[in-house]
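J.: Starting off with a structure, shown below.
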Amino acid sequence: MLRVISAIVLGILYDRNSPQKIDETSFLLFLAGFGHKTEIEFFFQYTQTSKPNLKTKMSSLKLITNAGDYRSFKAFIAAKYAGVNIDYDENEFVAGTTENTPEFKKISPLGKVPVLVTPQGPLLESNAIARFIARHAPAKGLMGGSFFEQAQIDSWVDWTANEIEVPACMVVYPIFGFLPANPKSMNKGKKDLVEALKVLENHLRSRSFMVGNTVTLADIVLTSALVYVVFERTRL
Ligand SMILES: N[C@@H](CCC(=O)N[C@@H](CS)C(=O)NCC(=O)O)C(=O)O
């Protein structure tokens, strides 16, 4: 599946003037072909509303996040695969306001989201949150089997944070208006992103999943990190 995503993203970046860009429908059909219903649900929700509509029945876990934040997708997708319920109220966090309140600073001192509120206390950092959720269902294998496989998953999760998320944010955030447009840093981001996607393409040439033969947290984190790039490609 990720081979398809990276191929599409590579195609977008290489052939930006091509009249034959792959549209959302083709993309979803590709995912459907690979049987990835969970991702389809998320991509569908992202394109329709930019908000994950994920109210679930009452749970002991609650995610506080900006609606549509790709970092929260890591937790929501991991929860779907792990069969863990997470509460989410899209009105709980209002960007530009909530993060500055003393109450919120108590659980997230830098005012950042996502935050997972657990019975043991708040948990910060989207990758740590996704790992915590994935570990609720060891039988699902999201965290890998052997120590080496677990380390491979960690390796790809860290790689994604550094080689995909950083350049993707450099490219996409100015488009969203989250950062001032700076052509130099946008071009650097685009160049780095293309190089990283080539690595991904090469890795997935001979396999369907990042690690092993099933979906792991490496696939979930990587897919989440690529959502904005894939859907904003026409403006890249
Ligand atoms: N490394 C953190 C980054 C969290 C982060 O930067 N969150 C952004 C939203 S995507 C945020 O809260 N920004 C608000 C701010 O910087 O004030 C993670 O993965 O959770």
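Chain labels A, B, ... are given in the sequence in which chains occur in the structure tokens; within each chain residues are numbered consecutively from 1, and ligands are likewise numbered from 1 in the order shown.
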List as number ranges by chain the protein and nucleic acid residues lying within 10 Å of ligand 1, with only C-alpha atoms and all ligand atoms counted.
T.: A: 65-72, 74, 95-100, 108, 110-115, 123-130, 161, 165, 169, 173, 178
J.: Save out the residues we just selected, C-alpha atoms, as a compact mmCIF listing (two decimals), in the first residue's frame.
T.:
```txt
# COMPACT_ATOMS: atom_id res chain seq x y z
CA THR A 65 -6.28 17.19 19.36
CA ASN A 66 -6.77 19.67 16.60
CA ALA A 67 -9.39 18.32 14.19
CA GLY A 68 -7.71 16.85 11.11
CA ASP A 69 -4.20 16.91 12.60
CA TYR A 70 -2.20 14.16 10.86
CA ARG A 71 -0.42 13.42 14.14
CA SER A 72 -3.72 12.37 15.69
CA LYS A 74 -1.51 7.82 14.13
CA ALA A 95 -6.49 26.09 18.16
CA GLY A 96 -5.15 29.49 19.17
CA THR A 97 -7.12 29.48 22.42
CA THR A 98 -7.09 26.22 24.35
CA GLU A 99 -3.32 25.77 24.24
CA ASN A 100 -2.83 29.06 26.10
CA SER A 108 0.85 19.90 27.93
CA LEU A 110 4.21 23.69 25.61
CA GLY A 111 0.54 23.80 24.67
CA LYS A 112 0.98 21.11 22.01
CA VAL A 113 -1.40 18.45 20.79
CA PRO A 114 -2.14 15.60 20.53
CA VAL A 115 -2.47 14.65 24.19
CA LEU A 123 0.65 11.26 27.56
CA LEU A 124 2.42 13.53 25.05
CA GLU A 125 4.08 12.91 21.67
CA SER A 126 2.05 11.37 18.87
CA ASN A 127 4.41 8.44 18.29
CA ALA A 128 4.52 7.53 21.99
CA ILE A 129 0.72 7.77 22.10
CA ALA A 130 0.37 5.48 19.07
CA ALA A 161 9.58 11.78 11.89
CA GLU A 165 7.39 14.77 8.61
CA CYS A 169 5.68 20.27 7.09
CA TYR A 173 2.43 24.31 6.36
CA PHE A 178 0.54 27.78 9.45
```
J.: Env of Val157 in chain A: 9 Å cut, atoms = only C-alpha atoms, seq-sep filter 2 positions within chain, self excluded. Answer as a PyMOL selection string.
T.: chain A and resi 127+152-155+159-162+217-219+221-222
J.: How many Å separate CA of Val94 in chain A from CA of Leu226 in chain A?
T.: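 Result for CA of Val94 in chain A versus CA of Leu226 in chain A: 24.1 Å, one decimal.
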J.: Using DSSP on the backbone, list every residue of range 112-226 of chain A that comes out as strand (DSSP E or B), and give them as a PyMOL selection string.
T.: chain A and resi 115-118+121-124
J.: Counting only C-alpha atoms, which of A:Leu236, A:Ile107, A:Ala82, A:Glu201 gets nearest to Ala139 in chain A?
T.: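 Closest candidate: A:Ala82.
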J.: Which neighbours of Val117 in chain A fall inside 7 Å, counting only C-alpha atoms, when residues of the same chain fewer than 4 positions from it are skipped, and could you give them as a PDB file with C-alpha atoms, in the first residue's frame?
T.:
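So selection_24.pdb came out as:
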```
ATOM      1  CA  LEU A  61      -8.780   7.044  26.996  1.00  0.00           C
ATOM      2  CA  LYS A  62      -9.413  10.455  25.493  1.00  0.00           C
ATOM      3  CA  LEU A  63      -7.472  12.165  22.736  1.00  0.00           C
ATOM      4  CA  GLY A 121      -2.175  10.743  33.543  1.00  0.00           C
ATOM      5  CA  PRO A 122      -1.632  12.611  30.264  1.00  0.00           C
ATOM      6  CA  LEU A 123       0.648  11.258  27.565  1.00  0.00           C
TER       7      LEU A 123
END
```
J.: Between A:Arg233, A:His136, A:His203, A:Lys80, single out the one closest to Lys190 in chain A, counting only C-alpha atoms.
T.: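 Closest residue, counting only C-alpha atoms: A:Arg233.
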